[in-house]
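Trainee: So here's final_28.cif (mmCIF, C-alpha atoms).
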```cif
data_data
#
loop_
_atom_site.group_PDB
_atom_site.id
_atom_site.type_symbol
_atom_site.label_atom_id
_atom_site.label_comp_id
_atom_site.auth_asym_id
_atom_site.auth_seq_id
_atom_site.Cartn_x
_atom_site.Cartn_y
_atom_site.Cartn_z
ATOM 1 C CA MET A 1 10.015 9.217 -55.329
ATOM 2 C CA THR A 2 12.811 9.250 -52.810
ATOM 3 C CA GLN A 3 14.748 12.336 -51.770
ATOM 4 C CA ILE A 4 18.543 12.102 -51.878
ATOM 5 C CA ASN A 5 21.297 14.466 -50.791
ATOM 6 C CA VAL A 6 24.533 13.951 -52.637
ATOM 7 C CA ARG A 7 27.648 16.028 -53.182
ATOM 8 C CA VAL A 8 28.786 15.869 -56.812
ATOM 9 C CA ASP A 9 31.988 17.553 -57.928
ATOM 10 C CA GLY A 10 31.955 19.758 -54.848
ATOM 11 C CA VAL A 11 28.323 20.883 -55.127
ATOM 12 C CA THR A 12 25.572 19.537 -52.859
ATOM 13 C CA TYR A 13 22.317 18.502 -54.531
ATOM 14 C CA THR A 14 18.972 17.564 -53.007
ATOM 15 C CA ASP A 15 16.735 15.830 -55.535
ATOM 16 C CA ASP A 16 13.801 13.495 -55.788
ATOM 17 C CA VAL A 17 14.582 10.314 -57.703
ATOM 18 C CA GLU A 18 12.806 7.101 -58.527
ATOM 19 C CA PRO A 19 14.266 4.375 -56.280
ATOM 20 C CA ARG A 20 15.287 2.389 -59.385
ATOM 21 C CA THR A 21 17.249 5.273 -60.981
ATOM 22 C CA LEU A 22 20.837 4.329 -61.699
ATOM 23 C CA LEU A 23 23.543 6.740 -60.589
ATOM 24 C CA VAL A 24 24.734 7.144 -64.186
ATOM 25 C CA HIS A 25 21.261 8.265 -65.272
ATOM 26 C CA TYR A 26 20.936 10.632 -62.311
ATOM 27 C CA LEU A 27 24.314 12.208 -63.101
ATOM 28 C CA ARG A 28 23.599 12.599 -66.813
ATOM 29 C CA GLU A 29 19.884 13.354 -66.908
ATOM 30 C CA GLN A 30 19.274 15.341 -63.725
ATOM 31 C CA LEU A 31 22.655 16.977 -63.183
ATOM 32 C CA GLY A 32 23.900 17.258 -66.772
ATOM 33 C CA LYS A 33 27.173 15.462 -66.028
ATOM 34 C CA VAL A 34 27.402 13.996 -69.522
ATOM 35 C CA GLY A 35 31.130 13.265 -69.269
ATOM 36 C CA THR A 36 30.042 10.106 -67.469
ATOM 37 C CA VAL A 37 29.090 7.995 -70.460
ATOM 38 C CA ILE A 38 26.876 4.955 -70.824
ATOM 39 C CA GLY A 39 28.749 2.309 -72.730
ATOM 40 C CA CYS A 40 27.172 -1.091 -72.347
ATOM 41 C CA ASP A 41 24.327 -1.101 -69.797
ATOM 42 C CA THR A 42 25.745 -4.372 -68.460
ATOM 43 C CA SER A 43 28.638 -3.183 -66.237
ATOM 44 C CA ASN A 44 31.192 -4.784 -68.556
ATOM 45 C CA CYS A 45 32.907 -1.760 -70.112
ATOM 46 C CA GLY A 46 33.634 0.684 -67.276
ATOM 47 C CA ALA A 47 32.941 3.779 -69.392
ATOM 48 C CA CYS A 48 30.630 5.059 -66.644
ATOM 49 C CA THR A 49 33.239 4.865 -63.862
ATOM 50 C CA VAL A 50 33.050 7.627 -61.243
ATOM 51 C CA HIS A 51 34.354 7.934 -57.703
ATOM 52 C CA LEU A 52 31.855 7.380 -54.908
ATOM 53 C CA ASP A 53 33.209 8.297 -51.490
ATOM 54 C CA GLY A 54 36.731 8.108 -52.881
ATOM 55 C CA SER A 55 36.521 4.731 -54.632
ATOM 56 C CA ALA A 56 35.989 3.939 -58.297
ATOM 57 C CA VAL A 57 32.572 2.449 -59.072
ATOM 58 C CA LYS A 58 30.725 1.687 -62.260
ATOM 59 C CA SER A 59 27.822 4.095 -61.957
ATOM 60 C CA CYS A 60 25.574 1.779 -63.987
ATOM 61 C CA THR A 61 25.722 -0.682 -61.068
ATOM 62 C CA VAL A 62 24.867 1.809 -58.325
ATOM 63 C CA LEU A 63 21.428 3.167 -57.607
ATOM 64 C CA ALA A 64 21.235 6.918 -57.060
ATOM 65 C CA VAL A 65 19.641 6.248 -53.652
ATOM 66 C CA GLN A 66 22.775 4.305 -52.668
ATOM 67 C CA ALA A 67 24.772 7.515 -53.148
ATOM 68 C CA ASP A 68 22.527 9.389 -50.683
ATOM 69 C CA GLY A 69 24.759 11.191 -48.207
ATOM 70 C CA GLY A 70 27.815 10.388 -50.303
ATOM 71 C CA GLU A 71 30.301 12.273 -52.398
ATOM 72 C CA VAL A 72 30.627 11.632 -56.124
ATOM 73 C CA THR A 73 33.443 12.821 -58.350
ATOM 74 C CA THR A 74 32.939 12.693 -62.104
ATOM 75 C CA ILE A 75 35.422 13.358 -64.880
ATOM 76 C CA GLU A 76 34.149 16.962 -64.907
ATOM 77 C CA GLY A 77 35.088 17.447 -61.258
ATOM 78 C CA LEU A 78 38.456 15.715 -61.282
ATOM 79 C CA ALA A 79 40.481 18.936 -61.605
ATOM 80 C CA PRO A 80 39.827 22.583 -60.792
ATOM 81 C CA GLN A 81 38.058 24.596 -63.493
ATOM 82 C CA GLY A 82 40.347 25.343 -66.420
ATOM 83 C CA SER A 83 43.038 22.804 -65.546
ATOM 84 C CA LEU A 84 43.697 19.133 -66.104
ATOM 85 C CA HIS A 85 44.384 16.431 -63.554
ATOM 86 C CA PRO A 86 47.822 14.843 -64.172
ATOM 87 C CA VAL A 87 46.108 11.692 -65.509
ATOM 88 C CA GLN A 88 44.005 13.729 -67.943
ATOM 89 C CA LYS A 89 47.122 15.593 -69.056
ATOM 90 C CA ALA A 90 49.083 12.376 -69.520
ATOM 91 C CA PHE A 91 46.295 10.744 -71.556
ATOM 92 C CA HIS A 92 46.484 13.736 -73.894
ATOM 93 C CA GLU A 93 50.273 13.864 -74.092
ATOM 94 C CA MET A 94 50.802 10.109 -74.433
ATOM 95 C CA HIS A 95 47.954 9.569 -76.925
ATOM 96 C CA GLY A 96 46.119 7.365 -74.430
ATOM 97 C CA LEU A 97 42.871 7.762 -76.306
ATOM 98 C CA GLN A 98 41.590 7.310 -79.776
ATOM 99 C CA CYS A 99 37.834 7.649 -80.176
ATOM 100 C CA GLY A 100 37.592 8.887 -76.578
ATOM 101 C CA TYR A 101 34.475 6.999 -75.566
ATOM 102 C CA CYS A 102 36.161 4.939 -72.838
ATOM 103 C CA THR A 103 38.432 7.781 -71.750
ATOM 104 C CA PRO A 104 36.404 9.284 -68.865
ATOM 105 C CA GLY A 105 35.965 5.890 -67.199
ATOM 106 C CA MET A 106 39.533 4.861 -67.962
ATOM 107 C CA ILE A 107 40.865 8.063 -66.398
ATOM 108 C CA MET A 108 38.695 7.669 -63.297
ATOM 109 C CA ALA A 109 39.835 4.051 -62.865
ATOM 110 C CA SER A 110 43.461 5.129 -63.366
ATOM 111 C CA VAL A 111 43.202 7.871 -60.728
ATOM 112 C CA ASP A 112 41.825 5.280 -58.309
ATOM 113 C CA LEU A 113 44.682 2.900 -59.171
ATOM 114 C CA LEU A 114 47.311 5.589 -58.581
ATOM 115 C CA LYS A 115 45.787 6.438 -55.212
ATOM 116 C CA GLU A 116 46.445 2.832 -54.146
ATOM 117 C CA ASN A 117 49.681 2.279 -56.079
ATOM 118 C CA PRO A 118 51.645 5.456 -56.923
ATOM 119 C CA ASP A 119 54.326 3.606 -58.930
ATOM 120 C CA PRO A 120 52.662 0.755 -60.849
ATOM 121 C CA SER A 121 54.451 -1.556 -63.268
ATOM 122 C CA ASP A 122 52.992 -2.227 -66.737
ATOM 123 C CA THR A 123 51.333 -5.360 -65.396
ATOM 124 C CA GLU A 124 49.928 -3.562 -62.365
ATOM 125 C CA VAL A 125 48.435 -0.843 -64.587
ATOM 126 C CA ARG A 126 46.845 -3.453 -66.838
ATOM 127 C CA GLU A 127 45.418 -5.268 -63.813
ATOM 128 C CA GLY A 128 44.268 -1.998 -62.262
ATOM 129 C CA ILE A 129 42.239 -0.991 -65.311
ATOM 130 C CA GLU A 130 41.072 -4.468 -66.281
ATOM 131 C CA GLY A 131 37.405 -3.635 -65.641
ATOM 132 C CA ASN A 132 37.533 -0.889 -68.277
ATOM 133 C CA LEU A 133 37.419 -1.783 -71.944
ATOM 134 C CA CYS A 134 38.912 0.119 -74.858
ATOM 135 C CA ARG A 135 38.132 -1.071 -78.337
ATOM 136 C CA CYS A 136 40.511 1.293 -80.160
ATOM 137 C CA THR A 137 43.934 1.752 -78.608
ATOM 138 C CA GLY A 138 45.386 -1.635 -77.775
ATOM 139 C CA TYR A 139 46.043 -0.247 -74.256
ATOM 140 C CA GLN A 140 49.797 0.370 -74.638
ATOM 141 C CA ASN A 141 49.496 4.152 -74.722
ATOM 142 C CA ILE A 142 46.969 4.017 -71.884
ATOM 143 C CA VAL A 143 49.535 2.146 -69.782
ATOM 144 C CA ARG A 144 52.195 4.702 -70.731
ATOM 145 C CA ALA A 145 49.832 7.550 -69.860
ATOM 146 C CA VAL A 146 49.105 6.111 -66.420
ATOM 147 C CA GLN A 147 52.812 5.664 -65.747
ATOM 148 C CA GLN A 148 53.562 9.191 -67.006
ATOM 149 C CA ALA A 149 50.908 10.567 -64.656
ATOM 150 C CA ALA A 150 52.238 8.454 -61.802
ATOM 151 C CA GLY A 151 55.695 9.933 -62.313
ATOM 152 C CA GLU A 152 54.340 13.468 -62.420
ATOM 153 C CA MET A 153 52.224 12.917 -59.314
ATOM 154 C CA ARG A 154 55.264 11.528 -57.473
ATOM 155 C CA GLY A 155 57.355 14.476 -58.676
ATOM 156 C CA ALA A 156 59.639 12.164 -60.638
ATOM 157 C CA THR A 157 59.142 14.053 -63.919
ATOM 158 C CA ASN A 158 58.240 17.504 -65.012
ATOM 159 C CA GLY A 159 55.333 16.056 -66.958
ATOM 160 C CA HIS A 160 56.771 17.088 -70.326
ATOM 161 C CA VAL A 161 57.020 14.483 -73.042
ATOM 162 C CA SER A 162 58.005 15.330 -76.595
ATOM 163 C CA ALA A 163 55.963 14.107 -79.527
ATOM 164 C CA ALA A 164 59.009 12.188 -80.774
ATOM 165 C CA ASP A 165 59.273 10.357 -77.436
ATOM 166 C CA VAL A 166 55.623 9.362 -77.676
ATOM 167 C CA ASP A 167 55.946 8.216 -81.290
ATOM 168 C CA ILE A 168 59.042 6.147 -80.555
ATOM 169 C CA ALA A 169 57.491 4.715 -77.394
ATOM 170 C CA ALA A 170 54.321 3.810 -79.268
ATOM 171 C CA ALA A 171 56.197 2.296 -82.207
ATOM 172 C CA PRO A 172 59.726 1.303 -81.164
ATOM 173 C CA HIS A 173 60.412 -0.148 -84.611
ATOM 174 C CA VAL A 174 60.121 3.340 -86.123
ATOM 175 C CA VAL A 175 63.397 5.222 -86.182
ATOM 176 C CA GLY A 176 63.165 8.992 -85.830
ATOM 177 C CA GLN A 177 64.221 10.853 -88.967
ATOM 178 C CA SER A 178 66.691 13.688 -88.811
#
```
Kindly present the structure from the file in structure tokens form.

Mentor:
Amino acid sequence: MTQINVRVDGVTYTDDVEPRTLLVHYLREQLGKVGTVIGCDTSNCGACTVHLDGSAVKSCTVLAVQADGGEVTTIEGLAPQGSLHPVQKAFHEMHGLQCGYCTPGMIMASVDLLKENPDPSDTEVREGIEGNLCRCTGYQNIVRAVQQAAGEMRGATNGHVSAADVDIAAAPHVVGQS
């Protein structure tokens, strides 16, 4: 066993871990951070994405001992208790999720993208989240959600989107009925 000290979602933990323990397993099994999901066990899907020292990482590719002395932010720690981060809010408002399995990792990757590029184009969003797979949505509403959040974070919008705007944006061939 190896002792690690790691700050997760603002709380410092000192724990003994097996040197081979993956960060995702440490977060879920020892700390109860089950919002970080295990999707593929091969680092292909990105569902387990967290922030380690401010950068997005797939926690199934990082050993818990590698996080020793570091700071980890999970989906549970992204916003203060009882509130949503602008990206979480936008995913909800813009229907950027369907089954929800990829959502925590997709949101964490999107937050990291917006830290580097606060006003991404459609293509830049798609490239920024390319390591995260979604099998349900077709990505269009995810891209819209990231751009909505980007606008809110820049102060370019009040963050309010009507359901009709979302429906028309998602399906431009559908004409709103009066």

Trainee: Kindly resolve the PyMOL selection byres ((chain A and resi 147-157) around 7) on the present coordinates and return the residues as a list in words.

Mentor: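 Checked against the file, the PyMOL selection byres ((chain A and resi 147-157) around 7) matches Pro86, Val87, Ala90, Leu114, Pro118, Asp119, Pro120, Val143, Arg144, Ala145, Val146, Asn158 and Gly159 of chain A.
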
Trainee: Could you pull the residues within 12 Å of Tyr13 (chain A), counting all atoms listed in the file, minus those fewer than 6 positions along the same chain, as a PyMOL selection string?

Mentor: chain A and resi 3-7+26-27+30-31+64+67-72

Trainee: Using all atoms listed in the file, which of A:Glu76, A:Gln66, A:Gln88, A:His25 sits nearest Asp53 (chain A)?

Mentor: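 Of A:Glu76, A:Gln66, A:Gln88, A:His25, the one nearest Asp53 (chain A), counting all atoms listed in the file, is A:Gln66.
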
Trainee: Just give me the residues with any atom within 6 Å of (39.3, 1.2, -66.1), file coordinates, counting all atoms listed in the file, written as a ChimeraX atom specification.

Mentor: /A:46,105-106,109,129-132

Trainee: Expressed in Å to a single decimal, how great is the separation between CA of Leu22 (chain A) and CA of Lys115 (chain A)?

Mentor: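 Taking CA of Leu22 (chain A) as the start and CA of Lys115 (chain A) as the end point, the length is 25.9 Å.
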
Trainee: Please write as number ranges by chain the full residue list that the PyMOL selection byres ((chain A and resi 74) around 12) yields on this file.

Mentor: A: 7-11, 23-24, 27-28, 31-37, 47-59, 71-73, 75-79, 104-109, 111
